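Colleague: Right, I'll just put the structure down here and ask away after.
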Amino acid sequence: MAKFCALTFLLVCVAGSLAQVPDTVRDAFPGEFPSVVVVKTPEEERFCLGEVIDATHILTSAFCVLNAERTRVFPARLVRVFGGDISTREIALTRQTRVAQHIFVHENYRSHAFENNLAVIRLAEPFHLPSNAIEPAVIRMRIVPDNHACYALNWVRPEIGVTVTFTPRLQAVPVTIRNRDLCNTDRLIEPNVREDNLCMQQSNTFITLQGDPLFCDGQLTAIHSWRWDLTQQTPIVSNLVSTQVRFHMHWIHQQLNRTQPMPPGWNPVEF
């Protein structure tokens with residue numbers, strides 16, 4: 001009986017240690033996330049991340065392709081996508097740069113509640129595939145259980161006006177998926193964490209932007225949508241909320257075969 005209790009205690013300790021994902025930010029390894037690209041919009045110093053769906057389509061957030069007031073979609077010809085090497089600074093043989101041909105924002109995007117925070121960019125010229133540096137994302141279609149370990153990504157670059165030598169780079173941090181109900185207990189006002197969302201906690205020193213991807217088991221699982229700080233925590237911790245891609249696969253596939261552009265003057269705030 002004593003041996004059984006000792007073994008049970010050991011298993012509980014091991015399981016607990018596995019559930020605690022270390023809060024360590026690291027640079028992504030070359031080729032670790034080949035589906036991740038950088039989207040450059042016409043607003044000064046406005047960059048965000050996107051994910052390659054196929055050779056001609058990029059998935060990102062609606063926020064990424066809208067102006068600061070979120071009242072209009074950027075003209076497609078003014079939006080560029082960098083793949084293969086996303087530093088955007090030094091010249092690299094693996095880099096492929098493309099211009100957008102069409103931008104499709106989710107028709108039911110709600111900026112105030114971060115609902116359906118998705119957009120698909122169609123490139124004017126497809127990426128050259130297969131490539132050693134660019135690869136379409138493998139999308140996770142399975143349920144992500146609570147306490148599952150994943151990687152959240154961001155793209156760091158110098159602050160505006162900083163002249164120090166700095167190479168923009170992709171960073172990854174391990175995160176643990178939280179129960180949605182627990183996240184909602186931290187927030188008693190709208191917006192709430194919905195079924196198509198994933199919630200996780202992270203130090204607010206790791207700054208994520210809308211459109212930043214979440215990978216679980218090497219598969220594209222969600223894209224970052226919004227966050228809020230838990231100010232009662234010291235140091236301050238943030239709840240990160242991402243939109244699960246699997247809930248929106250039907251809409252994404254519709255955009256891949258879409259023949260009509262967004263309606264002229266479409267305004268998500270007035271819709």
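Residues in the structure tokens are numbered from 1 in each chain, the chains being A, B, ... in the order shown, and ligands are numbered from 1 in the order shown.
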If DSSP is run on the backbone, what residues of region 28-269 of chain A are helix (DSSP H, G or I)? A reply as a list of chain:residue names would be ideal.
Modeller: A:Phe63, A:Cys64, A:Val65, A:Ala76, A:Arg77, A:Leu78, A:Arg180, A:Asp181, A:Leu182, A:Cys183, A:Asn184, A:Thr185, A:Val245, A:Arg246, A:Phe247, A:His248, A:Met249, A:His250, A:Trp251, A:Ile252, A:His253, A:Gln254, A:Gln255, A:Leu256
Colleague: Just to be explicit: take each residue in the selection above, keep N, CA and C atoms, and write the result as a PDB file, in the first residue's frame.
Modeller:
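Output saved as part36.pdb:
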ATOM      1  N   PHE A  63      -8.109  42.920 -38.297  1.00  0.00           N
ATOM      2  CA  PHE A  63      -7.452  44.130 -37.799  1.00  0.00           C
ATOM      3  C   PHE A  63      -6.220  44.485 -38.623  1.00  0.00           C
ATOM      4  N   CYS A  64      -5.512  43.468 -39.093  1.00  0.00           N
ATOM      5  CA  CYS A  64      -4.251  43.684 -39.803  1.00  0.00           C
ATOM      6  C   CYS A  64      -4.442  44.462 -41.094  1.00  0.00           C
ATOM      7  N   VAL A  65      -5.542  44.262 -41.788  1.00  0.00           N
ATOM      8  CA  VAL A  65      -5.721  44.828 -43.124  1.00  0.00           C
ATOM      9  C   VAL A  65      -6.703  45.994 -43.141  1.00  0.00           C
ATOM     10  N   ALA A  76      -5.587  46.765 -51.973  1.00  0.00           N
ATOM     11  CA  ALA A  76      -4.770  45.551 -52.027  1.00  0.00           C
ATOM     12  C   ALA A  76      -3.381  45.820 -52.581  1.00  0.00           C
ATOM     13  N   ARG A  77      -3.291  46.681 -53.580  1.00  0.00           N
ATOM     14  CA  ARG A  77      -1.992  46.911 -54.233  1.00  0.00           C
ATOM     15  C   ARG A  77      -0.974  47.556 -53.294  1.00  0.00           C
ATOM     16  N   LEU A  78      -1.415  48.082 -52.148  1.00  0.00           N
ATOM     17  CA  LEU A  78      -0.520  48.725 -51.196  1.00  0.00           C
ATOM     18  C   LEU A  78      -0.081  47.790 -50.069  1.00  0.00           C
ATOM     19  N   ARG A 180     -11.770  27.846 -20.728  1.00  0.00           N
ATOM     20  CA  ARG A 180     -12.458  29.102 -21.095  1.00  0.00           C
ATOM     21  C   ARG A 180     -13.277  29.664 -19.942  1.00  0.00           C
ATOM     22  N   ASP A 181     -13.903  28.788 -19.173  1.00  0.00           N
ATOM     23  CA  ASP A 181     -14.705  29.273 -18.044  1.00  0.00           C
ATOM     24  C   ASP A 181     -13.826  29.975 -17.004  1.00  0.00           C
ATOM     25  N   LEU A 182     -12.628  29.441 -16.789  1.00  0.00           N
ATOM     26  CA  LEU A 182     -11.717  30.092 -15.843  1.00  0.00           C
ATOM     27  C   LEU A 182     -11.298  31.465 -16.360  1.00  0.00           C
ATOM     28  N   CYS A 183     -11.058  31.554 -17.668  1.00  0.00           N
ATOM     29  CA  CYS A 183     -10.704  32.857 -18.236  1.00  0.00           C
ATOM     30  C   CYS A 183     -11.847  33.848 -18.075  1.00  0.00           C
ATOM     31  N   ASN A 184     -13.051  33.378 -18.274  1.00  0.00           N
ATOM     32  CA  ASN A 184     -14.199  34.270 -18.168  1.00  0.00           C
ATOM     33  C   ASN A 184     -14.448  34.723 -16.735  1.00  0.00           C
ATOM     34  N   THR A 185     -13.998  33.951 -15.757  1.00  0.00           N
ATOM     35  CA  THR A 185     -14.139  34.406 -14.373  1.00  0.00           C
ATOM     36  C   THR A 185     -13.213  35.576 -14.095  1.00  0.00           C
ATOM     37  N   VAL A 245      -8.772  28.370 -35.829  1.00  0.00           N
ATOM     38  CA  VAL A 245      -8.930  28.313 -37.283  1.00  0.00           C
ATOM     39  C   VAL A 245      -9.950  27.246 -37.677  1.00  0.00           C
ATOM     40  N   ARG A 246      -9.997  26.145 -36.962  1.00  0.00           N
ATOM     41  CA  ARG A 246     -10.853  25.026 -37.364  1.00  0.00           C
ATOM     42  C   ARG A 246     -12.335  25.397 -37.379  1.00  0.00           C
ATOM     43  N   PHE A 247     -12.732  26.371 -36.570  1.00  0.00           N
ATOM     44  CA  PHE A 247     -14.126  26.788 -36.544  1.00  0.00           C
ATOM     45  C   PHE A 247     -14.505  27.587 -37.792  1.00  0.00           C
ATOM     46  N   HIS A 248     -13.518  28.040 -38.554  1.00  0.00           N
ATOM     47  CA  HIS A 248     -13.795  28.944 -39.674  1.00  0.00           C
ATOM     48  C   HIS A 248     -13.292  28.383 -41.006  1.00  0.00           C
ATOM     49  N   MET A 249     -13.094  27.066 -41.068  1.00  0.00           N
ATOM     50  CA  MET A 249     -12.564  26.473 -42.298  1.00  0.00           C
ATOM     51  C   MET A 249     -13.523  26.645 -43.467  1.00  0.00           C
ATOM     52  N   HIS A 250     -14.829  26.584 -43.217  1.00  0.00           N
ATOM     53  CA  HIS A 250     -15.798  26.757 -44.311  1.00  0.00           C
ATOM     54  C   HIS A 250     -15.654  28.144 -44.922  1.00  0.00           C
ATOM     55  N   TRP A 251     -15.558  29.181 -44.079  1.00  0.00           N
ATOM     56  CA  TRP A 251     -15.401  30.542 -44.594  1.00  0.00           C
ATOM     57  C   TRP A 251     -14.079  30.689 -45.343  1.00  0.00           C
ATOM     58  N   ILE A 252     -13.010  30.130 -44.800  1.00  0.00           N
ATOM     59  CA  ILE A 252     -11.698  30.231 -45.450  1.00  0.00           C
ATOM     60  C   ILE A 252     -11.735  29.593 -46.833  1.00  0.00           C
ATOM     61  N   HIS A 253     -12.311  28.416 -46.953  1.00  0.00           N
ATOM     62  CA  HIS A 253     -12.384  27.745 -48.261  1.00  0.00           C
ATOM     63  C   HIS A 253     -13.225  28.554 -49.250  1.00  0.00           C
ATOM     64  N   GLN A 254     -14.244  29.235 -48.759  1.00  0.00           N
ATOM     65  CA  GLN A 254     -15.037  30.089 -49.649  1.00  0.00           C
ATOM     66  C   GLN A 254     -14.178  31.199 -50.251  1.00  0.00           C
ATOM     67  N   GLN A 255     -13.255  31.744 -49.465  1.00  0.00           N
ATOM     68  CA  GLN A 255     -12.416  32.836 -49.964  1.00  0.00           C
ATOM     69  C   GLN A 255     -11.403  32.334 -50.990  1.00  0.00           C
ATOM     70  N   LEU A 256     -10.981  31.097 -50.868  1.00  0.00           N
ATOM     71  CA  LEU A 256     -10.006  30.552 -51.808  1.00  0.00           C
ATOM     72  C   LEU A 256     -10.587  30.480 -53.222  1.00  0.00           C
TER      73      LEU A 256
END
Colleague: Name all residues at most 8 Å from Trp155 (chain A) (count only C-alpha atoms; drop same-chain ones fewer than 6 positions away) and give them as a list in words.
Modeller: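 With the cut-off at 8 Å, the set is Cys48, Leu49, Pro168, Arg169, Leu170 and Gln171 of chain A.
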Colleague: Just to be explicit: take each residue in the selection above, keep C-alpha atoms, and write the result as a short mmCIF file (atom, residue, chain, number, x, y, z; two decimals), in the first residue's frame.
Modeller:
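Listed below is the output, out-v1.cif:
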data_model
loop_
_atom_site.label_atom_id
_atom_site.label_comp_id
_atom_site.auth_asym_id
_atom_site.auth_seq_id
_atom_site.Cartn_x
_atom_site.Cartn_y
_atom_site.Cartn_z
CA CYS A 48 1.72 41.92 -38.67
CA LEU A 49 2.05 38.19 -39.18
CA PRO A 168 13.78 41.71 -36.91
CA ARG A 169 13.13 38.12 -35.90
CA LEU A 170 10.40 35.62 -35.13
CA GLN A 171 10.04 34.64 -31.48
#
Colleague: Please determine, counting only C-alpha atoms, which residue among A:Glu43, A:Asp54, A:Glu32, A:Asp27 has the shortest atom-to-atom distance to Pro130 (chain A).
Modeller: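 Result for the nearest residue to Pro130 (chain A): A:Asp54.
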Colleague: Give me, as a PyMOL selection string, all polymer residues having an atom no more than 6 Å from region 209-226 of chain A, counting only C-alpha atoms and skipping those fewer than 5 positions away in the same chain.
Modeller: chain A and resi 49+60-61+138-140+150-154+241-245
Colleague: How about saving the chosen residues, N, CA, C and O atoms kept, as an mmCIF file, in the first residue's frame?
Modeller:
data_model
loop_
_atom_site.group_PDB
_atom_site.id
_atom_site.type_symbol
_atom_site.label_atom_id
_atom_site.label_comp_id
_atom_site.auth_asym_id
_atom_site.auth_seq_id
_atom_site.Cartn_x
_atom_site.Cartn_y
_atom_site.Cartn_z
ATOM 1 N N LEU A 49 1.732 39.521 -38.665
ATOM 2 C CA LEU A 49 2.055 38.194 -39.182
ATOM 3 C C LEU A 49 0.852 37.596 -39.896
ATOM 4 O O LEU A 49 -0.305 37.926 -39.619
ATOM 5 N N THR A 60 -4.796 35.979 -42.014
ATOM 6 C CA THR A 60 -4.360 36.887 -40.963
ATOM 7 C C THR A 60 -5.601 37.407 -40.240
ATOM 8 O O THR A 60 -6.714 36.900 -40.438
ATOM 9 N N SER A 61 -5.423 38.424 -39.414
ATOM 10 C CA SER A 61 -6.565 39.009 -38.710
ATOM 11 C C SER A 61 -7.205 40.103 -39.546
ATOM 12 O O SER A 61 -6.546 40.716 -40.398
ATOM 13 N N VAL A 138 -0.130 23.435 -41.866
ATOM 14 C CA VAL A 138 -0.981 22.287 -41.539
ATOM 15 C C VAL A 138 -1.921 22.747 -40.436
ATOM 16 O O VAL A 138 -1.473 23.140 -39.348
ATOM 17 N N ILE A 139 -3.213 22.745 -40.700
ATOM 18 C CA ILE A 139 -4.186 23.304 -39.769
ATOM 19 C C ILE A 139 -4.704 22.219 -38.827
ATOM 20 O O ILE A 139 -5.103 21.138 -39.272
ATOM 21 N N ARG A 140 -4.681 22.522 -37.562
ATOM 22 C CA ARG A 140 -5.154 21.562 -36.563
ATOM 23 C C ARG A 140 -6.675 21.528 -36.571
ATOM 24 O O ARG A 140 -7.329 22.563 -36.375
ATOM 25 N N CYS A 150 1.371 24.659 -26.092
ATOM 26 C CA CYS A 150 1.443 25.177 -27.458
ATOM 27 C C CYS A 150 2.515 26.248 -27.515
ATOM 28 O O CYS A 150 3.150 26.570 -26.506
ATOM 29 N N TYR A 151 2.710 26.809 -28.712
ATOM 30 C CA TYR A 151 3.642 27.917 -28.900
ATOM 31 C C TYR A 151 2.897 29.118 -29.463
ATOM 32 O O TYR A 151 2.234 29.023 -30.494
ATOM 33 N N ALA A 152 3.036 30.253 -28.793
ATOM 34 C CA ALA A 152 2.571 31.533 -29.331
ATOM 35 C C ALA A 152 3.757 32.227 -29.973
ATOM 36 O O ALA A 152 4.885 32.179 -29.452
ATOM 37 N N LEU A 153 3.519 32.879 -31.122
ATOM 38 C CA LEU A 153 4.593 33.533 -31.861
ATOM 39 C C LEU A 153 4.359 35.037 -31.906
ATOM 40 O O LEU A 153 3.228 35.508 -31.866
ATOM 41 N N ASN A 154 5.457 35.772 -32.021
ATOM 42 C CA ASN A 154 5.374 37.190 -32.360
ATOM 43 C C ASN A 154 6.592 37.559 -33.196
ATOM 44 O O ASN A 154 7.503 36.752 -33.379
ATOM 45 N N VAL A 241 -6.184 35.774 -26.010
ATOM 46 C CA VAL A 241 -7.332 35.097 -26.601
ATOM 47 C C VAL A 241 -7.118 35.007 -28.112
ATOM 48 O O VAL A 241 -6.871 36.028 -28.769
ATOM 49 N N SER A 242 -7.207 33.795 -28.637
ATOM 50 C CA SER A 242 -7.000 33.551 -30.066
ATOM 51 C C SER A 242 -8.237 32.922 -30.680
ATOM 52 O O SER A 242 -9.020 32.250 -30.002
ATOM 53 N N THR A 243 -8.402 33.145 -31.994
ATOM 54 C CA THR A 243 -9.517 32.564 -32.739
ATOM 55 C C THR A 243 -9.076 31.242 -33.347
ATOM 56 O O THR A 243 -8.095 31.195 -34.104
ATOM 57 N N GLN A 244 -9.799 30.160 -33.026
ATOM 58 C CA GLN A 244 -9.446 28.857 -33.562
ATOM 59 C C GLN A 244 -9.754 28.795 -35.061
ATOM 60 O O GLN A 244 -10.875 29.092 -35.489
ATOM 61 N N VAL A 245 -8.772 28.370 -35.829
ATOM 62 C CA VAL A 245 -8.930 28.313 -37.283
ATOM 63 C C VAL A 245 -9.950 27.246 -37.677
ATOM 64 O O VAL A 245 -10.733 27.439 -38.616
#
Colleague: Find the distance between CA of Val36 (chain A) and CA of Val79 (chain A) and write it in Å to one decimal.
Modeller: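 Between these atoms lies a distance of 16.2 Å.
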Colleague: Hey, can you check how far CA of Thr176 (chain A) sits from CA of Ile53 (chain A)?
Modeller: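 Interatomic distance here is 25.1 Å.
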Colleague: Calculated over only C-alpha atoms, which of the candidates A:Ser111, A:Gln101, A:Asn179, A:Asn147 has the smallest distance to Thr259 (chain A)?
Modeller: A:Gln101
Colleague: Restricting the calculation to only C-alpha atoms, which member of A:Phe127, A:Phe114, A:Phe206, A:Phe104 is positioned closest to Thr56 (chain A)?
Modeller: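 Result for the nearest residue to Thr56 (chain A): A:Phe127.
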Colleague: Let me make sure I understand: among A:Cys199, A:Val156, A:Leu240, A:Ile134, which one has the smallest atom-to-atom distance to Gly84 (chain A) if we use only C-alpha atoms?
Modeller: A:Ile134
